[in-house]
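Engineer: After the structure tokens below, expect a handful of questions from me.
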Number of protein chains: 2
Amino acid sequence: MPDASSLPPLRIAIAGLGTVGAGVIRLLDTNRDLIAARAGRGLEVTAVSARDRTKDRGVNHERFSWEDDMTALASHDDVDVVLELVGGSDGPALALSRATLASGKGLVTANKAMIAHHGLELAREAEAKGAPLKFEAAVAGGIPVVKGLREGTSANALTKVYGILNGTCNYILSEMEATGADFSETLEAAQRLGYAEADPTFDIEGIDAAHKLSILAAIGFGARVDFANVRTTGIVAVRAADIAQADALGFVIRLIAEADAQDGTLLQRVRPCLVAKDHPLAPVYGPTNAVVAEGNFSGRLLFQGAGAGDGPTASAVVADLIDIAREEVGAPFSMPVEQLAPLGPADSAGRLERAYLRFTVNDRPGVLAEITAAMRDADVSIESLIQQGRGNADGEVLVAMVTHEGPESSVAKALELLDGSDSRTAPPLVLPILPN
Amino acid sequence: MPDASSLPPLRIAIAGLGTVGAGVIRLLDTNRDLIAARAGRGLEVTAVSARDRTKDRGVNHERFSWEDDMTALASHDDVDVVLELVGGSDGPALALSRATLASGKGLVTANKAMIAHHGLELAREAEAKGAPLKFEAAVAGGIPVVKGLREGTSANALTKVYGILNGTCNYILSEMEATGADFSETLEAAQRLGYAEADPTFDIEGIDAAHKLSILAAIGFGARVDFANVRTTGIVAVRAADIAQADALGFVIRLIAEADAQDGTLLQRVRPCLVAKDHPLAPVYGPTNAVVAEGNFSGRLLFQGAGAGDGPTASAVVADLIDIAREEVGAPFSMPVEQLAPLGPADSAGRLERAYLRFTVNDRPGVLAEITAAMRDADVSIESLIQQGRGNADGEVLVAMVTHEGPESSVAKALELLDGSDSRTAPPLVLPILPN
């Protein structure tokens with residue numbers, strides 16, 4: 001066990017002084033003694049780098065040495081660990097990360113896109129150099145779920161990992177639920193309040209959640225990170241009417257990222273789903289994140305907390321730094337890269353699930369018969385169906401149904417049969433129902 | 001990083017072959033390859049000890065060497081770690097644990113009572129010998145919350161730690177909620193179903209939860225374990241009528257273990273509390289456990305899962321073994337024992353809280369005036385009050401109220417003023433309301 005009085009401090013370089021970088025400096029200042037006691041040694045920032053040296057960041061960084069060339073931090077003599085908070089899957093963040101590990105220094109990053117795209121390469125380099133590589137903050141903000149899967153559930157073969165990994169989408173969906181407002185006006189409100197970015201594409205299209213899911217899946221299933229094969233559907237098509245219908249049926253709508261490994265394949269999907277109100281993920285409101293891991297011995301575990309924000313993200317980053325100070329340097333993905341299984345993408349067509357289907361159609365005779373005939377011909381069994389009265393200025397009618405459990409391919413076939421029908425006013429929406 | 005192909009296996013002795021011991025053997029058999037990949041080496045049971053060698057435990061243990069004298073496991077040459085699953089705060093479990101650490105071997109235990117009473121002594125010995133001491137399974141079954149607080153929230157000063165730590169009580173309270181049945185019949189049902197022991201005292205009096213809380217508080221606040229100063233109230237006095245009243249007011253009743261550290265003192269309490277239905281702990285049903293940790297940077301984190309059972313407990317035990325195999329040997333209580341603060345017990349008299357008060361009184365004139373006068377004289381401000389109509393065969397009337405936030409001492413004073421009143425048919429019940 002390290003003795004705090006005798007060990008030299010862990011020397012840290014920070015690349016990127018946005019809100020998270022400033023938060024890390026504030027955290028290290030605020031909790032300094034506590035951290036030294038837990039880490040067994042001090043944690044000292046020695047150097048920083050960012051685009052603009054003069055910008056006011058609310059923390060004093062003049063006491064640290066400044067580096068204009070970020071990548072040069074990797075070769076500083078007085079740096080043990082580089083903290084990469086620049087962002088972006090490639091470019092300067094990746095160059096700095098490669099240089100850091102190549103020099104045998106530790107790397108801590110909050111960069112989900114970079115780990116989703118280049119995590120295996122970086123982990124290989126870290127393993128070759130015996131250098132720590134940690135990325136707790138890349139997934140689910142302040143929730144220690146990377147550690148939870150890497151170490152907490154390490155005795156288990158997981159049957160599935162799923163959860164709410166994008167705070168922006170969860171904020172929008174739970175606000176739509178609370179207010180009855182439609183997607184676009186809720187997104188605008190979220191942007192005004194800082195819960196959504198000016199360009200919200202990565203969030204609302206599910207790409208951010210897919211980055212995080214691919215990282216959790218790799219750790220949880222001992223599989224190679226495979227971001228390219230995450231199938232992703234965003235929340236743009238979810239209407240206020242869908243949320244109202246779901247509510248009437250006993251469900252809420254959440255963007256669910258889910259992964260499982262079966263028969264040598266890995267299924268990874270991000271989709272808006274109906275979640276029963278008594279499921280542990282249903283009461284997750286606002287920008288909160290939550291992850292469920294189901295192990296073959298642990299049973300169902302839930303990890304929940306703030307999915308973003310400078311404080312929670314700094315908390316995750318500094319927990320990684322403390323682990324490194326304690327010399328707890330395990331394999332970044334829980335097992336060495338060459339032992340991670342190269343699982344191929346799963347074909348889910350035969351998977352059984354219940355689904356919510358919503359059609360928006362012209363209000364004219366025969367439309368319901370057309371839809372139900374397609375269901376019959378595709379062998380989709382309907383559990384309940386609601387046709388919503390007119391009232392829509394466009395003469396549009398909404399037909400919503402919940403299916404019995406059946407193969408995903410049957411629903412796809414039904415939609416195919418209805419494809420091109422001139423009664424449709426918008427593409428149909430299919431939302432799977434998350435099993436309880 | 002250890003290379004699984006070259007490192008010798010971690011050799012484990014198991015003391016105690018009850019359901020958890022058998023579960024550990026089954027887990028190590030079932031997930032053998034996965035565990036070796038994550039641990040970087042094999043985990044091999046080499047020796048076992050239990051009271052009766054011939055008893056059928058559903059797993060084959062004849063392949064391991066047998067030791068009649070449990071304590072002798074500590075001196076086996078082919079043992080690196082002893083797994084103590086005997087139970088009991090003192091006696092054979094403690095003797096074995098002391099001998100194990102004294103010999104420099106690692107110790108993994110699921111024994112909450114022993115860690116609550118002797119954890120500091122054992123941790124001192126472990127630190128002196130550089131031997132690992134781990135006890136994830138001692139708190140909240142399969143939920144990795146010891147690791148969560150020791151490492152996941154390590155960057156934070158925690159403001160509080162609280163949760164549902166006893167599955168038996170949570171099963172009973174949530175069953176009473178679901179069925180409307182009273183305490184004693186629900187306890188009997190729980191005993192029939194195996195959710196409560198034949199002698200349920202440790203569970204229903206809150207002692208089991210207090211053991212666990214004292215361990216979490218030590219880790220979370222960097223304080224010395226202080227089980228003796230956990231103030232404990234059990235659930236025996238909670239009636240079906242209280243649960244019904246709480247429901248009408250928008251609350252459920254849960255046995256809450258809570259700790260905080262303020263001004264150099266540690267407050268540790270286990271009490272049945274009213275929990276608002278939109279609080280993350282309200283939807284925790286049955287034998288599930290859940291822990292909330294609030295950090296000064298992380299914000300509120302929730303860890304939830306199975307609080308007991310052979311599978312979840314084995315999952316926690318083997319996660320500790322994998323950590324040891326990875327040579328991740330931090331301080332058992334997150335910082336060295338001599339750095340843990342010797343916090344004195346807190347005086348909570350001045351703490352502000354809302355409370356639910358229930359009086360059972362004879363149905364005669366003037367009783368309500370007597371109660372409300374005592375409230376006035378003690379300066380307790382009443383938010384709402386319900387007097388339940390007669391209907392009780394004993395001529396008993398129930399008066400339930402919720403107070404505004406006020407000092408705990410005021411409620412205590414009001415009860416004192418009413419003490420000895422001959423209108424009372426049973427002692428009054430005070431349930432604090434958990435802040436949201």
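Each chain of the structure tokens is named A, B, ... in the order shown, its residues numbered from 1; ligands are numbered from 1 in display order.
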Just asking: which residues within region 91-166 of chain B are helix (DSSP H, G or I) according to DSSP, as an NGL selection string?

Structural biologist: :B and (91-102 or 112-129 or 136-138 or 145-152)

Engineer: Within 7 Å of chain A, which residues of chain B show up when using only C-alpha atoms, listed as a ChimeraX atom specification?

Structural biologist: /B:1,31,35,37-38,130,142-144,148,151-157,297-306,311-312,315,318-319,326,328,330-331,334-335

Engineer: Take the residues just selected and output them with C-alpha atoms as a PDB file, in the first residue's frame.

Structural biologist:
ATOM      1  CA  MET B   1      -0.531  -6.236 -16.594  1.00  0.00           C
ATOM      2  CA  ASN B  31     -17.547 -18.732 -15.483  1.00  0.00           C
ATOM      3  CA  ILE B  35     -12.797 -15.094 -14.919  1.00  0.00           C
ATOM      4  CA  ALA B  37      -9.329 -13.709 -18.784  1.00  0.00           C
ATOM      5  CA  ARG B  38     -10.455 -10.858 -16.536  1.00  0.00           C
ATOM      6  CA  GLY B 130       0.547  -5.736   2.898  1.00  0.00           C
ATOM      7  CA  GLY B 142     -24.435  -8.399  -5.320  1.00  0.00           C
ATOM      8  CA  ILE B 143     -24.357  -4.603  -5.658  1.00  0.00           C
ATOM      9  CA  PRO B 144     -20.764  -3.386  -6.043  1.00  0.00           C
ATOM     10  CA  GLY B 148     -18.537   2.112  -5.662  1.00  0.00           C
ATOM     11  CA  GLU B 151     -13.182   3.795  -5.744  1.00  0.00           C
ATOM     12  CA  GLY B 152     -16.117   5.062  -7.819  1.00  0.00           C
ATOM     13  CA  THR B 153     -16.839   8.170  -5.729  1.00  0.00           C
ATOM     14  CA  SER B 154     -13.305   8.459  -4.371  1.00  0.00           C
ATOM     15  CA  ALA B 155     -12.845  11.993  -5.742  1.00  0.00           C
ATOM     16  CA  ASN B 156     -15.781  13.302  -3.703  1.00  0.00           C
ATOM     17  CA  ALA B 157     -16.471  14.506  -0.223  1.00  0.00           C
ATOM     18  CA  PHE B 297     -19.019  16.848  -7.360  1.00  0.00           C
ATOM     19  CA  SER B 298     -20.754  13.657  -8.531  1.00  0.00           C
ATOM     20  CA  GLY B 299     -24.192  14.682  -7.313  1.00  0.00           C
ATOM     21  CA  ARG B 300     -26.623  11.902  -6.426  1.00  0.00           C
ATOM     22  CA  LEU B 301     -25.668   8.355  -7.427  1.00  0.00           C
ATOM     23  CA  LEU B 302     -27.876   5.305  -7.020  1.00  0.00           C
ATOM     24  CA  PHE B 303     -26.702   1.692  -6.873  1.00  0.00           C
ATOM     25  CA  GLN B 304     -29.452  -0.949  -6.878  1.00  0.00           C
ATOM     26  CA  GLY B 305     -29.728  -4.720  -7.057  1.00  0.00           C
ATOM     27  CA  ALA B 306     -30.282  -7.970  -5.199  1.00  0.00           C
ATOM     28  CA  GLY B 311     -25.781 -15.949  -6.697  1.00  0.00           C
ATOM     29  CA  PRO B 312     -25.483 -12.209  -5.991  1.00  0.00           C
ATOM     30  CA  SER B 315     -20.804 -12.497  -7.547  1.00  0.00           C
ATOM     31  CA  VAL B 318     -15.579 -13.459  -6.670  1.00  0.00           C
ATOM     32  CA  ALA B 319     -15.254  -9.828  -7.825  1.00  0.00           C
ATOM     33  CA  ARG B 326      -5.140  -8.462 -10.496  1.00  0.00           C
ATOM     34  CA  GLU B 328      -5.410  -4.378  -6.925  1.00  0.00           C
ATOM     35  CA  GLY B 330      -5.926  -0.739  -1.901  1.00  0.00           C
ATOM     36  CA  ALA B 331      -6.682   0.231   1.686  1.00  0.00           C
ATOM     37  CA  SER B 334     -10.334   3.511   1.045  1.00  0.00           C
ATOM     38  CA  MET B 335      -7.601   5.153   3.150  1.00  0.00           C
TER      39      MET B 335
END

Engineer: Using only C-alpha atoms, determine which residues lie at most 9 Å from Gly264 (chain A), disregarding the query and same-chain residues fewer than 6 positions distant; provide the list as a list of chain:residue names.

Structural biologist: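 Contacts, with the query itself left out: A:Ala341, A:Pro342, A:Leu343, A:Gly344, A:Pro345, A:Ala346.
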
Engineer: Write out, as a PDB file, in the first residue's frame, the residues just selected, with C-alpha atoms.

Structural biologist:
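Okay, this is what ended up in out_7.pdb:
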ATOM      1  CA  ALA A 341     -13.777 -11.760 -28.832  1.00  0.00           C
ATOM      2  CA  PRO A 342     -14.250 -10.475 -32.402  1.00  0.00           C
ATOM      3  CA  LEU A 343     -18.028 -10.911 -32.280  1.00  0.00           C
ATOM      4  CA  GLY A 344     -19.864 -10.305 -35.527  1.00  0.00           C
ATOM      5  CA  PRO A 345     -23.029  -8.231 -35.722  1.00  0.00           C
ATOM      6  CA  ALA A 346     -26.187 -10.106 -34.744  1.00  0.00           C
TER       7      ALA A 346
END

Engineer: Restricting the calculation to only C-alpha atoms, which member of B:His404, B:Arg231, B:Arg224, B:Lys277 is positioned closest to Ala248 (chain B)?

Structural biologist: B:Lys277

Engineer: If we count only C-alpha atoms and set the cut-off at 7 Å, which residues sit around region 268-274 of chain B, ignoring sequence neighbours fewer than 4 positions away in its own chain? Please answer as JSON, numbers by chain.

Structural biologist: {"B": [206, 209, 210, 229, 230, 231, 232, 233, 234, 235, 246, 251, 252, 253, 254, 255, 256, 257, 258, 259, 260, 431, 432, 433, 434]}

Engineer: From the DSSP assignment of the backbone, select every residue of region 201-370 of chain B that is strand (DSSP E or B), and format the answer as a count of residues only.

Structural biologist: 56

Engineer: Find the residue from A:Asp69, A:Pro287, A:Gly406, A:Asp182 that sits nearest to Gly167 (chain A); use only C-alpha atoms when measuring.

Structural biologist: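 Nearest candidate to Gly167 (chain A) out of A:Asp69, A:Pro287, A:Gly406, A:Asp182: A:Pro287.
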
Engineer: Between A:Ala261, A:Leu73, A:Ala244, A:Glu177, which residue has the minimum interatomic distance to Thr159 (chain A), considering only C-alpha atoms?

Structural biologist: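 Among A:Ala261, A:Leu73, A:Ala244, A:Glu177, it is A:Ala261 that comes nearest to Thr159 (chain A).
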
Engineer: If we count only C-alpha atoms, what is near region 74-88 of chain A at a cut-off of 10 Å, once residues fewer than 3 positions away on the same chain are taken out, given as number ranges by chain?

Structural biologist: A: 9-21, 24, 44-51, 67, 70-71, 91-114, 131-135, 317-318, 321, 324-325

Engineer: Could you write out the selected residues, including C-alpha atoms, as a PDB file, in the first residue's frame?

Structural biologist:
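Final output, selection29.pdb:
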ATOM      1  CA  PRO A   9       2.724  13.170  -6.229  1.00  0.00           C
ATOM      2  CA  LEU A  10       1.094  11.943  -9.411  1.00  0.00           C
ATOM      3  CA  ARG A  11       1.814  14.673 -11.950  1.00  0.00           C
ATOM      4  CA  ILE A  12      -0.998  15.496 -14.338  1.00  0.00           C
ATOM      5  CA  ALA A  13      -1.166  17.459 -17.589  1.00  0.00           C
ATOM      6  CA  ILE A  14      -4.587  18.679 -18.697  1.00  0.00           C
ATOM      7  CA  ALA A  15      -5.316  19.137 -22.389  1.00  0.00           C
ATOM      8  CA  GLY A  16      -8.480  21.163 -22.844  1.00  0.00           C
ATOM      9  CA  LEU A  17      -9.744  23.720 -20.357  1.00  0.00           C
ATOM     10  CA  GLY A  18     -13.456  23.818 -21.115  1.00  0.00           C
ATOM     11  CA  THR A  19     -16.043  23.345 -18.389  1.00  0.00           C
ATOM     12  CA  VAL A  20     -14.820  19.825 -17.585  1.00  0.00           C
ATOM     13  CA  GLY A  21     -11.151  20.824 -17.436  1.00  0.00           C
ATOM     14  CA  VAL A  24     -11.256  18.998 -12.645  1.00  0.00           C
ATOM     15  CA  GLU A  44      -0.730  17.677  -8.789  1.00  0.00           C
ATOM     16  CA  VAL A  45      -1.509  19.396 -12.057  1.00  0.00           C
ATOM     17  CA  THR A  46       1.807  20.435 -13.571  1.00  0.00           C
ATOM     18  CA  ALA A  47       0.932  21.545 -17.102  1.00  0.00           C
ATOM     19  CA  VAL A  48      -2.074  22.619 -19.109  1.00  0.00           C
ATOM     20  CA  SER A  49      -2.876  23.303 -22.718  1.00  0.00           C
ATOM     21  CA  ALA A  50      -5.868  24.869 -24.436  1.00  0.00           C
ATOM     22  CA  ARG A  51      -6.619  27.004 -27.440  1.00  0.00           C
ATOM     23  CA  GLU A  67       1.874  24.536 -23.441  1.00  0.00           C
ATOM     24  CA  MET A  70      -0.984  20.217 -26.865  1.00  0.00           C
ATOM     25  CA  THR A  71       0.818  17.163 -28.197  1.00  0.00           C
ATOM     26  CA  GLY A  91      -7.509  15.011 -34.867  1.00  0.00           C
ATOM     27  CA  PRO A  92      -5.601  16.578 -31.972  1.00  0.00           C
ATOM     28  CA  ALA A  93      -7.239  14.384 -29.293  1.00  0.00           C
ATOM     29  CA  LEU A  94      -6.140  11.186 -31.001  1.00  0.00           C
ATOM     30  CA  ALA A  95      -2.680  12.519 -31.824  1.00  0.00           C
ATOM     31  CA  LEU A  96      -2.154  13.513 -28.199  1.00  0.00           C
ATOM     32  CA  SER A  97      -3.489  10.192 -26.915  1.00  0.00           C
ATOM     33  CA  ARG A  98      -1.240   8.176 -29.192  1.00  0.00           C
ATOM     34  CA  ALA A  99       1.798  10.253 -28.265  1.00  0.00           C
ATOM     35  CA  THR A 100       1.005   9.982 -24.552  1.00  0.00           C
ATOM     36  CA  LEU A 101       0.763   6.193 -24.535  1.00  0.00           C
ATOM     37  CA  ALA A 102       3.724   5.809 -26.880  1.00  0.00           C
ATOM     38  CA  SER A 103       5.819   7.682 -24.344  1.00  0.00           C
ATOM     39  CA  GLY A 104       4.649   5.269 -21.628  1.00  0.00           C
ATOM     40  CA  LYS A 105       2.605   7.876 -19.757  1.00  0.00           C
ATOM     41  CA  GLY A 106      -0.898   7.218 -18.487  1.00  0.00           C
ATOM     42  CA  LEU A 107      -3.917   8.531 -20.350  1.00  0.00           C
ATOM     43  CA  VAL A 108      -7.266   9.498 -18.855  1.00  0.00           C
ATOM     44  CA  THR A 109      -9.958  10.666 -21.232  1.00  0.00           C
ATOM     45  CA  ALA A 110     -13.616  11.637 -21.254  1.00  0.00           C
ATOM     46  CA  ASN A 111     -13.728  11.192 -25.035  1.00  0.00           C
ATOM     47  CA  LYS A 112     -16.420   8.634 -25.920  1.00  0.00           C
ATOM     48  CA  ALA A 113     -16.117   9.138 -29.673  1.00  0.00           C
ATOM     49  CA  MET A 114     -12.369   8.500 -29.622  1.00  0.00           C
ATOM     50  CA  ALA A 131       0.684   2.335 -19.186  1.00  0.00           C
ATOM     51  CA  PRO A 132      -2.739   2.985 -17.691  1.00  0.00           C
ATOM     52  CA  LEU A 133      -5.606   3.980 -20.004  1.00  0.00           C
ATOM     53  CA  LYS A 134      -8.856   4.936 -18.318  1.00  0.00           C
ATOM     54  CA  PHE A 135     -12.115   6.460 -19.582  1.00  0.00           C
ATOM     55  CA  VAL A 317     -12.063  11.741 -14.326  1.00  0.00           C
ATOM     56  CA  VAL A 318     -10.472  12.184 -10.899  1.00  0.00           C
ATOM     57  CA  LEU A 321      -6.591   9.499 -11.627  1.00  0.00           C
ATOM     58  CA  ILE A 324      -3.737   5.344 -11.315  1.00  0.00           C
ATOM     59  CA  ALA A 325      -2.126   6.946  -8.256  1.00  0.00           C
TER      60      ALA A 325
END

Engineer: Rank A:Phe64, A:Asn170, A:Arg53, A:Leu368 by their smallest atom-to-atom distance to Leu281 (chain A), using only C-alpha atoms, and report the top residue only.

Structural biologist: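 Smallest distance to Leu281 (chain A) is found for A:Asn170.
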
Engineer: CA of Leu385 (chain B) and CA of Lys413 (chain B), how far apart in Å?

Structural biologist: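 Between these atoms lies a distance of 18.7 Å.
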
Engineer: Restricting the calculation to only C-alpha atoms, which member of B:Asp52, B:Val411, B:Arg354, B:Leu122 is positioned closest to Asp68 (chain B)?

Structural biologist: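 Under the stated criterion, the closest residue is B:Asp52.
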
Engineer: With only C-alpha atoms as the basis for distance, which of A:Val380, A:Leu120, A:Leu418, A:Ala426 is at the shortest distance from Ala223 (chain A)?

Structural biologist: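 Among the listed residues, the smallest separation from Ala223 (chain A) belongs to A:Leu120.
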